[in-house]
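Pasting run05.tsv here (TSV, C-alpha atoms and all ligand atoms):
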chain	number	residue	atom	x	y	z
X	1	MET	CA	107.41	104.54	115.14
X	2	GLY	CA	104.18	104.09	117.04
X	3	TYR	CA	101.98	102.28	114.54
X	4	ASN	CA	99.67	99.61	115.91
X	5	PRO	CA	99.62	96.64	113.47
X	6	ASP	CA	95.97	95.86	114.28
X	7	HIS	CA	94.85	99.42	113.56
X	8	VAL	CA	96.90	99.58	110.38
X	9	THR	CA	95.50	96.24	109.20
X	10	GLU	CA	91.96	97.40	109.96
X	11	ALA	CA	92.45	100.63	108.00
X	12	PHE	CA	93.63	98.74	104.90
X	13	GLN	CA	90.78	96.23	105.25
X	14	CYS	CA	88.20	99.00	105.70
X	15	ALA	CA	89.47	100.85	102.62
X	16	ALA	CA	89.50	97.65	100.52
X	17	GLU	CA	85.90	96.96	101.51
X	18	GLU	CA	84.84	100.52	100.69
X	19	ASN	CA	86.50	100.17	97.28
X	20	GLN	CA	84.71	96.91	96.56
X	21	LEU	CA	81.29	97.92	97.86
X	22	SER	CA	81.14	101.49	96.54
X	23	PRO	CA	77.65	102.23	95.18
X	24	LEU	CA	79.39	104.11	92.35
X	25	ARG	CA	81.23	100.96	91.26
X	26	ALA	CA	80.11	98.68	88.43
X	27	ALA	CA	82.58	95.80	88.01
X	28	GLN	CA	85.98	97.49	87.47
X	29	VAL	CA	84.73	101.04	86.86
X	30	ILE	CA	83.68	103.90	89.14
X	31	ASN	CA	80.92	106.02	87.57
X	32	LEU	CA	80.95	109.51	89.02
X	33	PRO	CA	77.70	111.47	89.40
X	34	ALA	CA	76.97	114.43	87.08
X	35	GLU	CA	77.39	117.06	89.77
X	36	GLY	CA	80.28	118.62	91.59
X	37	ASP	CA	83.87	118.25	90.45
X	38	VAL	CA	86.68	115.73	90.21
X	39	TRP	CA	90.29	116.22	91.20
X	40	ILE	CA	92.92	113.76	90.05
X	41	ALA	CA	96.62	113.37	90.72
X	42	GLY	CA	99.10	111.57	88.49
X	43	ASP	CA	101.64	109.11	89.85
X	44	LEU	CA	102.47	110.10	93.43
X	45	HIS	CA	105.28	107.64	94.29
X	46	ASP	CA	105.24	108.57	97.96
X	47	HIS	CA	105.78	112.28	97.33
X	48	ARG	CA	104.60	113.19	100.81
X	49	ARG	CA	104.58	116.94	100.41
X	50	ASN	CA	102.53	116.83	97.22
X	51	PHE	CA	100.11	114.42	98.87
X	52	GLU	CA	99.65	116.79	101.81
X	53	LYS	CA	99.21	119.73	99.44
X	54	LEU	CA	96.60	117.86	97.43
X	55	LEU	CA	94.56	116.96	100.52
X	56	HIS	CA	94.86	120.48	101.87
X	57	ALA	CA	93.76	122.09	98.60
X	58	ALA	CA	90.96	119.58	97.90
X	59	ASP	CA	89.44	120.20	101.35
X	60	LEU	CA	87.06	117.25	100.98
X	61	ALA	CA	85.30	117.89	104.28
X	62	ASN	CA	83.96	121.22	103.03
X	63	HIS	CA	83.25	120.05	99.46
X	64	PRO	CA	81.01	116.98	99.71
X	65	GLN	CA	80.43	116.90	95.92
X	66	ARG	CA	84.15	116.81	95.18
X	67	HIS	CA	85.75	113.51	94.13
X	68	LEU	CA	89.47	112.83	94.48
X	69	ILE	CA	91.27	110.17	92.42
X	70	LEU	CA	94.68	108.85	93.49
X	71	GLN	CA	97.07	106.56	91.64
X	72	GLU	CA	100.49	104.93	92.00
X	73	ILE	CA	101.04	105.94	95.61
X	74	VAL	CA	103.72	103.32	96.40
X	75	HIS	CA	107.44	103.11	95.65
X	76	GLY	CA	109.12	106.42	96.32
X	77	ASP	CA	112.35	107.91	97.58
X	78	HIS	CA	112.12	107.22	101.31
X	79	TRP	CA	114.77	104.52	101.63
X	80	ASP	CA	116.84	103.72	104.70
X	81	ALA	CA	120.46	102.55	104.77
X	82	ASN	CA	119.34	98.90	104.84
X	83	GLY	CA	117.38	99.11	101.60
X	84	ALA	CA	113.94	99.33	103.25
X	85	GLU	CA	111.49	101.67	101.54
X	86	GLY	CA	108.71	103.42	103.49
X	87	SER	CA	105.85	104.14	101.10
X	88	TRP	CA	103.46	101.87	103.00
X	89	GLU	CA	102.99	104.87	105.28
X	90	THR	CA	101.57	107.13	102.56
X	91	LEU	CA	99.49	104.20	101.30
X	92	LEU	CA	98.04	103.95	104.83
X	93	LYS	CA	97.17	107.65	104.79
X	94	ALA	CA	95.37	107.13	101.49
X	95	ALA	CA	93.49	104.14	102.94
X	96	GLU	CA	92.47	106.18	106.00
X	97	LEU	CA	91.28	108.94	103.68
X	98	LYS	CA	89.09	106.41	101.83
X	99	CYS	CA	87.58	105.30	105.14
X	100	SER	CA	86.88	108.91	106.13
X	101	TYR	CA	85.44	109.93	102.73
X	102	PRO	CA	84.30	106.66	101.12
X	103	HIS	CA	82.06	108.36	98.52
X	104	GLN	CA	84.65	110.96	97.51
X	105	VAL	CA	88.00	109.14	97.36
X	106	HIS	CA	88.81	106.73	94.53
X	107	PHE	CA	91.85	104.84	93.30
X	108	LEU	CA	93.14	103.65	89.95
X	109	MET	CA	95.06	100.39	89.64
X	110	ALA	CA	98.63	101.13	88.49
X	111	ASN	CA	101.50	98.94	87.35
X	112	HIS	CA	103.50	99.48	90.56
X	113	ASP	CA	100.48	98.24	92.53
X	114	LEU	CA	100.29	95.13	90.40
X	115	ALA	CA	104.04	94.54	90.73
X	116	GLN	CA	103.70	94.87	94.51
X	117	ILE	CA	100.75	92.46	94.56
X	118	HIS	CA	102.77	89.89	92.61
X	119	GLY	CA	105.98	90.75	94.45
X	120	GLU	CA	107.80	90.94	91.17
X	121	GLY	CA	110.60	93.14	90.01
X	122	ILE	CA	110.51	96.75	89.09
X	123	MET	CA	114.14	97.74	89.52
X	124	LYS	CA	115.47	101.08	90.67
X	125	SER	CA	119.23	101.65	90.94
X	126	GLY	CA	119.75	97.88	90.79
X	127	GLN	CA	117.29	97.09	93.60
X	128	SER	CA	113.79	95.63	93.46
X	129	VAL	CA	111.39	98.30	94.71
X	130	CYS	CA	108.87	95.60	95.68
X	131	GLU	CA	111.38	93.83	97.93
X	132	ALA	CA	112.37	97.19	99.39
X	133	PHE	CA	108.69	97.93	100.12
X	134	ASN	CA	108.36	94.56	101.89
X	135	ARG	CA	111.51	95.26	103.90
X	136	GLY	CA	109.90	98.54	105.01
X	137	VAL	CA	106.80	96.72	106.26
X	138	LYS	CA	108.95	94.09	108.02
X	139	ARG	CA	111.09	96.79	109.61
X	140	ASP	CA	108.08	98.68	111.00
X	141	PHE	CA	105.89	95.75	112.07
X	142	ALA	CA	108.42	93.13	113.05
X	143	GLY	CA	106.59	89.91	114.05
X	144	ARG	CA	103.20	91.22	112.81
X	145	SER	CA	104.30	92.22	109.33
X	146	GLY	CA	102.59	89.23	107.68
X	147	ILE	CA	99.08	90.36	108.54
X	148	VAL	CA	99.83	93.96	107.52
X	149	GLN	CA	101.34	92.74	104.26
X	150	ALA	CA	98.24	90.67	103.49
X	151	ALA	CA	95.93	93.63	104.17
X	152	ILE	CA	98.03	95.83	101.88
X	153	THR	CA	97.77	93.27	99.08
X	154	GLU	CA	93.98	93.08	99.52
X	155	PHE	CA	93.77	96.87	99.44
X	156	LEU	CA	95.81	97.15	96.23
X	157	LEU	CA	93.76	94.37	94.62
X	158	SER	CA	90.56	96.28	95.40
X	159	PHE	CA	91.50	99.22	93.16
X	160	PRO	CA	89.22	99.71	90.15
X	161	LEU	CA	90.71	99.95	86.65
X	162	ALA	CA	88.96	103.14	85.58
X	163	VAL	CA	86.80	106.06	86.62
X	164	ARG	CA	84.39	107.69	84.20
X	165	THR	CA	82.21	110.77	84.21
X	166	ALA	CA	78.84	111.61	82.66
X	167	ASN	CA	80.48	114.42	80.63
X	168	GLY	CA	82.78	112.10	78.71
X	169	LEU	CA	85.95	111.80	80.80
X	170	PHE	CA	87.74	108.50	81.26
X	171	PHE	CA	90.50	108.04	83.82
X	172	SER	CA	92.88	105.09	83.90
X	173	HIS	CA	96.55	104.73	84.83
X	174	SER	CA	97.49	104.34	81.18
X	175	VAL	CA	96.15	102.97	77.89
X	176	PRO	CA	97.19	99.76	76.12
X	177	SER	CA	100.17	100.06	73.80
X	178	GLU	CA	99.88	100.86	70.09
X	179	SER	CA	99.66	97.24	68.90
X	180	GLU	CA	97.22	96.13	71.63
X	181	VAL	CA	94.36	98.65	71.32
X	182	ALA	CA	92.64	97.14	68.26
X	183	THR	CA	92.41	93.64	69.73
X	184	TYR	CA	92.12	94.66	73.37
X	185	ASP	CA	89.66	92.78	75.60
X	186	TYR	CA	87.33	95.66	76.51
X	187	THR	CA	85.10	93.35	78.53
X	188	VAL	CA	87.71	93.63	81.31
X	189	PHE	CA	85.99	96.79	82.57
X	190	ASP	CA	82.58	95.17	82.91
X	191	ARG	CA	83.17	91.79	84.55
X	192	ALA	CA	84.84	90.05	87.47
X	193	LEU	CA	88.55	89.43	86.93
X	194	THR	CA	90.54	86.20	86.92
X	195	GLY	CA	94.26	85.50	87.29
X	196	ALA	CA	94.67	85.51	83.51
X	197	ASP	CA	93.54	89.15	83.35
X	198	TYR	CA	96.59	90.21	85.39
X	199	LYS	CA	99.09	88.11	83.47
X	200	ARG	CA	102.29	89.72	82.28
X	201	LYS	CA	102.07	90.99	78.67
X	202	THR	CA	98.88	89.08	77.73
X	203	GLY	CA	96.42	90.10	80.45
X	204	PRO	CA	94.16	93.10	79.75
X	205	VAL	CA	94.80	94.57	83.22
X	206	TYR	CA	98.55	94.35	82.63
X	207	GLN	CA	98.21	95.84	79.15
X	208	LEU	CA	96.07	98.76	80.36
X	209	ILE	CA	98.42	99.85	83.13
X	210	TRP	CA	101.77	99.17	81.46
X	211	GLY	CA	101.06	100.69	78.01
X	212	ARG	CA	103.26	103.56	76.85
X	213	ARG	CA	103.66	105.92	73.89
X	214	THR	CA	100.31	105.11	72.31
X	215	THR	CA	99.77	107.52	69.40
X	216	PRO	CA	96.81	109.97	69.29
X	217	PRO	CA	94.87	108.09	66.55
X	218	THR	CA	95.15	104.87	68.56
X	219	VAL	CA	94.11	106.64	71.76
X	220	ASP	CA	91.09	107.88	69.80
X	221	LEU	CA	90.24	104.28	68.89
X	222	PHE	CA	90.51	103.30	72.55
X	223	LEU	CA	88.17	106.18	73.49
X	224	GLU	CA	85.68	105.10	70.83
X	225	LYS	CA	85.67	101.56	72.25
X	226	VAL	CA	85.07	102.74	75.82
X	227	HIS	CA	82.52	105.37	74.71
X	228	ALA	CA	84.34	108.37	76.15
X	229	GLN	CA	85.54	111.67	74.67
X	230	LEU	CA	88.66	112.46	76.70
X	231	ILE	CA	91.17	110.44	78.68
X	232	VAL	CA	93.49	111.49	81.50
X	233	THR	CA	96.29	109.12	82.51
X	234	GLY	CA	99.49	109.08	84.54
X	235	HIS	CA	102.29	106.54	84.07
X	236	GLN	CA	104.48	108.35	81.57
X	237	PRO	CA	106.91	110.71	83.37
X	238	GLN	CA	106.38	114.40	82.61
X	239	ASP	CA	109.20	116.84	83.46
X	240	THR	CA	106.87	119.84	83.23
X	241	GLY	CA	104.07	118.02	85.07
X	242	PHE	CA	101.88	117.24	82.08
X	243	GLY	CA	101.84	116.33	78.42
X	244	VAL	CA	99.19	116.57	75.71
X	245	ASN	CA	99.02	113.57	73.38
X	246	GLY	CA	96.72	114.74	70.61
X	247	GLU	CA	93.33	116.37	71.12
X	248	HIS	CA	91.87	113.87	73.58
X	249	HIS	CA	94.62	112.60	75.87
X	250	LEU	CA	96.16	114.46	78.81
X	251	ILE	CA	99.02	112.87	80.78
X	252	ILE	CA	99.77	114.18	84.27
X	253	ALA	CA	102.50	113.52	86.87
X	254	SER	CA	102.45	114.39	90.58
X	255	ASP	CA	105.72	112.96	91.90
X	256	HIS	CA	107.95	116.03	91.78
X	257	SER	CA	107.67	119.72	92.64
X	258	GLN	CA	106.88	120.73	89.04
X	259	GLY	CA	104.11	118.11	89.08
X	260	VAL	CA	100.44	118.95	88.63
X	261	PHE	CA	96.98	117.79	89.54
X	262	LEU	CA	93.82	118.30	87.54
X	263	ARG	CA	90.45	119.73	88.49
X	264	ALA	CA	87.47	119.19	86.20
X	265	SER	CA	83.74	119.79	86.36
X	266	LEU	CA	81.48	116.76	86.43
X	267	SER	CA	78.62	118.59	84.74
X	268	TYR	CA	79.96	121.12	82.19
X	269	PRO	CA	81.04	120.19	78.64
X	270	LEU	CA	84.76	119.50	78.40
X	271	ASP	CA	87.45	119.49	75.74
X	272	ILE	CA	91.25	119.37	76.00
X	273	HIS	CA	91.48	123.17	76.30
X	274	VAL	CA	89.03	123.27	79.19
X	275	LEU	CA	90.96	120.43	80.84
X	276	LEU	CA	94.27	122.31	80.54
X	277	GLU	CA	92.74	125.28	82.34
X	278	GLY	CA	92.02	122.96	85.28
X	279	LEU	CA	95.67	122.01	85.83
X	280	ARG	CA	97.35	123.27	88.95
X	281	LYS	CA	101.03	122.98	89.84
X	282	PHE	CA	101.97	121.72	93.29
X	283	VAL	CA	104.52	124.56	93.63
X	284	ALA	CA	101.58	126.98	93.53
X	285	ILE	CA	100.03	125.43	96.67
X	286	ASP	CA	101.10	126.72	100.06
X	287	LEU	CA	100.72	124.57	103.15
X	288	PRO	CA	100.10	125.94	106.62
X	289	PRO	CA	103.46	125.97	108.49
X	290	ASP	CA	102.60	122.99	110.71
X	291	GLN	CA	102.31	120.56	107.79
X	292	PRO	CA	104.99	117.89	107.30
X	293	GLN	CA	107.84	118.72	104.92
X	294	ASP	CA	109.16	116.37	102.27
J	301	MN	MN	102.99	103.60	86.21
Go ahead and express the file in the form of structure tokens.
Amino acid sequence: MGYNPDHVTEAFQCAAEENQLSPLRAAQVINLPAEGDVWIAGDLHDHRRNFEKLLHAADLANHPQRHLILQEIVHGDHWDANGAEGSWETLLKAAELKCSYPHQVHFLMANHDLAQIHGEGIMKSGQSVCEAFNRGVKRDFAGRSGIVQAAITEFLLSFPLAVRTANGLFFSHSVPSESEVATYDYTVFDRALTGADYKRKTGPVYQLIWGRRTTPPTVDLFLEKVHAQLIVTGHQPQDTGFGVNGEHHLIIASDHSQGVFLRASLSYPLDIHVLLEGLRKFVAIDLPPDQPQD
């Protein structure tokens, strides 16, 4: 396999530090500058070809005012016969990308990240994806897997909860469920977190990243509380790549070939129609022939 556990550990540690110390970060939120553009993918779930396409198209090296937001990178379809799952490898590529472009690459905390941090069960075909992920790390790092595992946990814990823009966009993995929005603890974005914030069902971090099927009027209330005009989330699967939930909420998915990513200006006025024009399907992106296939 050829991965050096020390180098891998260092890459995850470097990326965690860059996440924590970003000058754009205030508590749990990244505030993007009002110039350039932002590209965001929905849930990736180790879709390696889409990840390569996204990096190729975004061309960060030649667009220093472009920001790229990634979410839910772990837990995909690369399983071996022994039930080990290999998404740590794409997570490493994302960490290396953060180290190479610390001011341009950002992450959003997602529920699969939190499950992996806690080592608790999200099941897929009767198997715990978190245990499968750990088996993948053990398989590939043998006696040194403990230190790699710890660095991965630190990296996932360093993800901010939200990214916002000066022109009214708010990005988070999801929004709290219908019944939670009115009483939600909105201070979670602006302070240091404690164990209680992550707690199953009752913690505001948990509620933010596990919420589903929130109705448009309730999403509007959430937006009012966070002082934003539009929200883009992942989390809810989208067969056609995206879904529009009312006039202010766009949901995107990036874990299949019909998936999409979004490009938006950081300086021009936006509404849902402008946002929709910035969607791009992964099938429309061609990779040079030497790129890895998925
Ligand atoms: Mn999710």
Between atom CA of Arg280 of chain X and atom CA of Gly241 of chain X, measure the distance and give it in Å to one decimal. 9.4 Å
Using 8 Å as the limit and counting all atoms listed in the file, can you tabulate each residue of chain X that touches ligand MN 301 (chain J), with its shortest atom-to-atom distance in Å and the two atoms involved, as JSON lines?
{"residue": "X:Asp43", "atom": "CA", "partner": "J:MN301", "partner_atom": "MN", "distance": 6.7}
{"residue": "X:Glu72", "atom": "CA", "partner": "J:MN301", "partner_atom": "MN", "distance": 6.4}
{"residue": "X:Ala110", "atom": "CA", "partner": "J:MN301", "partner_atom": "MN", "distance": 5.5}
{"residue": "X:Asn111", "atom": "CA", "partner": "J:MN301", "partner_atom": "MN", "distance": 5.0}
{"residue": "X:His112", "atom": "CA", "partner": "J:MN301", "partner_atom": "MN", "distance": 6.0}
{"residue": "X:His173", "atom": "CA", "partner": "J:MN301", "partner_atom": "MN", "distance": 6.7}
{"residue": "X:Ser174", "atom": "CA", "partner": "J:MN301", "partner_atom": "MN", "distance": 7.5}
{"residue": "X:Ile209", "atom": "CA", "partner": "J:MN301", "partner_atom": "MN", "distance": 6.7}
{"residue": "X:Trp210", "atom": "CA", "partner": "J:MN301", "partner_atom": "MN", "distance": 6.6}
{"residue": "X:Gly234", "atom": "CA", "partner": "J:MN301", "partner_atom": "MN", "distance": 6.7}
{"residue": "X:His235", "atom": "CA", "partner": "J:MN301", "partner_atom": "MN", "distance": 3.7}
{"residue": "X:Gln236", "atom": "CA", "partner": "J:MN301", "partner_atom": "MN", "distance": 6.8}
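Of the residues listed (X:Ala253, X:Val163, X:Leu262, X:Ile147), X:Ile147 shows the shortest atom-to-atom separation from His7 of chain X; distances use only C-alpha atoms.
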Neighbours of Ile285 of chain X within 12 Å (only C-alpha atoms; same-chain residues fewer than 6 positions away dropped), as a PyMOL selection string? chain X and resi 49-58+257-261
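The closest residue to Cys14 of chain X, picked from X:Ile231, X:Val175, X:Ala284, X:Ile152 and counting all atoms listed in the file, is X:Ile152.
Closest approach to Cys130 of chain X among X:His75, X:Arg200, X:His103, X:Lys93: X:His75, based on only C-alpha atoms.
Among X:Ala27, X:Val137, X:Ala151, X:Val219, the residue with the shortest atom-to-atom distance to Thr9 of chain X, counting only C-alpha atoms, is X:Ala151.
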Skip Leu60 of chain X itself and residues of its chain fewer than 2 positions away, then list as a PDB file with C-alpha atoms, in the coordinates of the input all residues within 12 Å of it, counting only C-alpha atoms.
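To be explicit, this is the file written out as result07.pdb:
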ATOM      1  CA  GLY X  36      80.280 118.620  91.590  1.00  0.00           C
ATOM      2  CA  ASP X  37      83.870 118.250  90.450  1.00  0.00           C
ATOM      3  CA  VAL X  38      86.680 115.730  90.210  1.00  0.00           C
ATOM      4  CA  TRP X  39      90.290 116.220  91.200  1.00  0.00           C
ATOM      5  CA  LEU X  54      96.600 117.860  97.430  1.00  0.00           C
ATOM      6  CA  LEU X  55      94.560 116.960 100.520  1.00  0.00           C
ATOM      7  CA  HIS X  56      94.860 120.480 101.870  1.00  0.00           C
ATOM      8  CA  ALA X  57      93.760 122.090  98.600  1.00  0.00           C
ATOM      9  CA  ALA X  58      90.960 119.580  97.900  1.00  0.00           C
ATOM     10  CA  ASN X  62      83.960 121.220 103.030  1.00  0.00           C
ATOM     11  CA  HIS X  63      83.250 120.050  99.460  1.00  0.00           C
ATOM     12  CA  PRO X  64      81.010 116.980  99.710  1.00  0.00           C
ATOM     13  CA  GLN X  65      80.430 116.900  95.920  1.00  0.00           C
ATOM     14  CA  ARG X  66      84.150 116.810  95.180  1.00  0.00           C
ATOM     15  CA  HIS X  67      85.750 113.510  94.130  1.00  0.00           C
ATOM     16  CA  LEU X  68      89.470 112.830  94.480  1.00  0.00           C
ATOM     17  CA  ILE X  69      91.270 110.170  92.420  1.00  0.00           C
ATOM     18  CA  LEU X  97      91.280 108.940 103.680  1.00  0.00           C
ATOM     19  CA  LYS X  98      89.090 106.410 101.830  1.00  0.00           C
ATOM     20  CA  SER X 100      86.880 108.910 106.130  1.00  0.00           C
ATOM     21  CA  TYR X 101      85.440 109.930 102.730  1.00  0.00           C
ATOM     22  CA  PRO X 102      84.300 106.660 101.120  1.00  0.00           C
ATOM     23  CA  HIS X 103      82.060 108.360  98.520  1.00  0.00           C
ATOM     24  CA  GLN X 104      84.650 110.960  97.510  1.00  0.00           C
ATOM     25  CA  VAL X 105      88.000 109.140  97.360  1.00  0.00           C
TER      26      VAL X 105
END
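Taking all atoms listed in the file into account, Trp79 of chain X lies nearest to X:Arg135 out of the set X:Arg135, X:Arg212, X:Arg48, X:His273.
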As a PyMOL selection string, please: the residues near Asp77 of chain X (cut-off 10 Å, only C-alpha atoms, same-chain neighbours under 3 positions excluded). chain X and resi 45-48+74+80+85-87
In the coordinates of the file, take the point (81.7, 105.8, 72.9) and a cut-off of 12 Å; then, counting only C-alpha atoms, name each qualifying protein, DNA or RNA residue as a compact mmCIF listing (two decimals) with C-alpha atoms, in the frame of the given file.
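Saved to selection.txt:
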# COMPACT_ATOMS: atom_id res chain seq x y z
CA ARG X 164 84.39 107.69 84.20
CA ALA X 166 78.84 111.61 82.66
CA ASN X 167 80.48 114.42 80.63
CA GLY X 168 82.78 112.10 78.71
CA LEU X 169 85.95 111.80 80.80
CA PHE X 170 87.74 108.50 81.26
CA ASP X 220 91.09 107.88 69.80
CA LEU X 221 90.24 104.28 68.89
CA PHE X 222 90.51 103.30 72.55
CA LEU X 223 88.17 106.18 73.49
CA GLU X 224 85.68 105.10 70.83
CA LYS X 225 85.67 101.56 72.25
CA VAL X 226 85.07 102.74 75.82
CA HIS X 227 82.52 105.37 74.71
CA ALA X 228 84.34 108.37 76.15
CA GLN X 229 85.54 111.67 74.67
CA LEU X 230 88.66 112.46 76.70
For Ser254 of chain X, which of X:Ala115, X:Leu287, X:Leu279, X:Ala26 is the closest residue, counting all atoms listed in the file? X:Leu279
Once you count all atoms listed in the file, which residues end up no further than 12 Å from (109.4, 98.7, 107.6) in the file's frame, shown as a PDB file with C-alpha atoms, in the coordinates of the input?
ATOM      1  CA  MET X   1     107.410 104.540 115.140  1.00  0.00           C
ATOM      2  CA  TYR X   3     101.980 102.280 114.540  1.00  0.00           C
ATOM      3  CA  PRO X   5      99.620  96.640 113.470  1.00  0.00           C
ATOM      4  CA  HIS X  78     112.120 107.220 101.310  1.00  0.00           C
ATOM      5  CA  TRP X  79     114.770 104.520 101.630  1.00  0.00           C
ATOM      6  CA  ASP X  80     116.840 103.720 104.700  1.00  0.00           C
ATOM      7  CA  ASN X  82     119.340  98.900 104.840  1.00  0.00           C
ATOM      8  CA  GLY X  83     117.380  99.110 101.600  1.00  0.00           C
ATOM      9  CA  ALA X  84     113.940  99.330 103.250  1.00  0.00           C
ATOM     10  CA  GLU X  85     111.490 101.670 101.540  1.00  0.00           C
ATOM     11  CA  GLY X  86     108.710 103.420 103.490  1.00  0.00           C
ATOM     12  CA  SER X  87     105.850 104.140 101.100  1.00  0.00           C
ATOM     13  CA  TRP X  88     103.460 101.870 103.000  1.00  0.00           C
ATOM     14  CA  GLU X  89     102.990 104.870 105.280  1.00  0.00           C
ATOM     15  CA  GLU X 131     111.380  93.830  97.930  1.00  0.00           C
ATOM     16  CA  ALA X 132     112.370  97.190  99.390  1.00  0.00           C
ATOM     17  CA  PHE X 133     108.690  97.930 100.120  1.00  0.00           C
ATOM     18  CA  ASN X 134     108.360  94.560 101.890  1.00  0.00           C
ATOM     19  CA  ARG X 135     111.510  95.260 103.900  1.00  0.00           C
ATOM     20  CA  GLY X 136     109.900  98.540 105.010  1.00  0.00           C
ATOM     21  CA  VAL X 137     106.800  96.720 106.260  1.00  0.00           C
ATOM     22  CA  LYS X 138     108.950  94.090 108.020  1.00  0.00           C
ATOM     23  CA  ARG X 139     111.090  96.790 109.610  1.00  0.00           C
ATOM     24  CA  ASP X 140     108.080  98.680 111.000  1.00  0.00           C
ATOM     25  CA  PHE X 141     105.890  95.750 112.070  1.00  0.00           C
ATOM     26  CA  ALA X 142     108.420  93.130 113.050  1.00  0.00           C
ATOM     27  CA  GLY X 143     106.590  89.910 114.050  1.00  0.00           C
ATOM     28  CA  ARG X 144     103.200  91.220 112.810  1.00  0.00           C
ATOM     29  CA  SER X 145     104.300  92.220 109.330  1.00  0.00           C
ATOM     30  CA  GLY X 146     102.590  89.230 107.680  1.00  0.00           C
ATOM     31  CA  VAL X 148      99.830  93.960 107.520  1.00  0.00           C
ATOM     32  CA  GLN X 149     101.340  92.740 104.260  1.00  0.00           C
TER      33      GLN X 149
END
Could you check how far atom CA of Pro176 of chain X sits from atom CA of Thr215 of chain X, in Å to one decimal? 10.6 Å
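Going from atom CA of Gly278 of chain X over to atom CA of Pro217 of chain X, you cover 24.1 Å.
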Close residues, segment 189-196 of chain X itself excluded, 10 Å, all atoms listed in the file, min 6 positions apart in chain, as a PyMOL selection string: chain X and resi 26-30+160-162+202-206+226
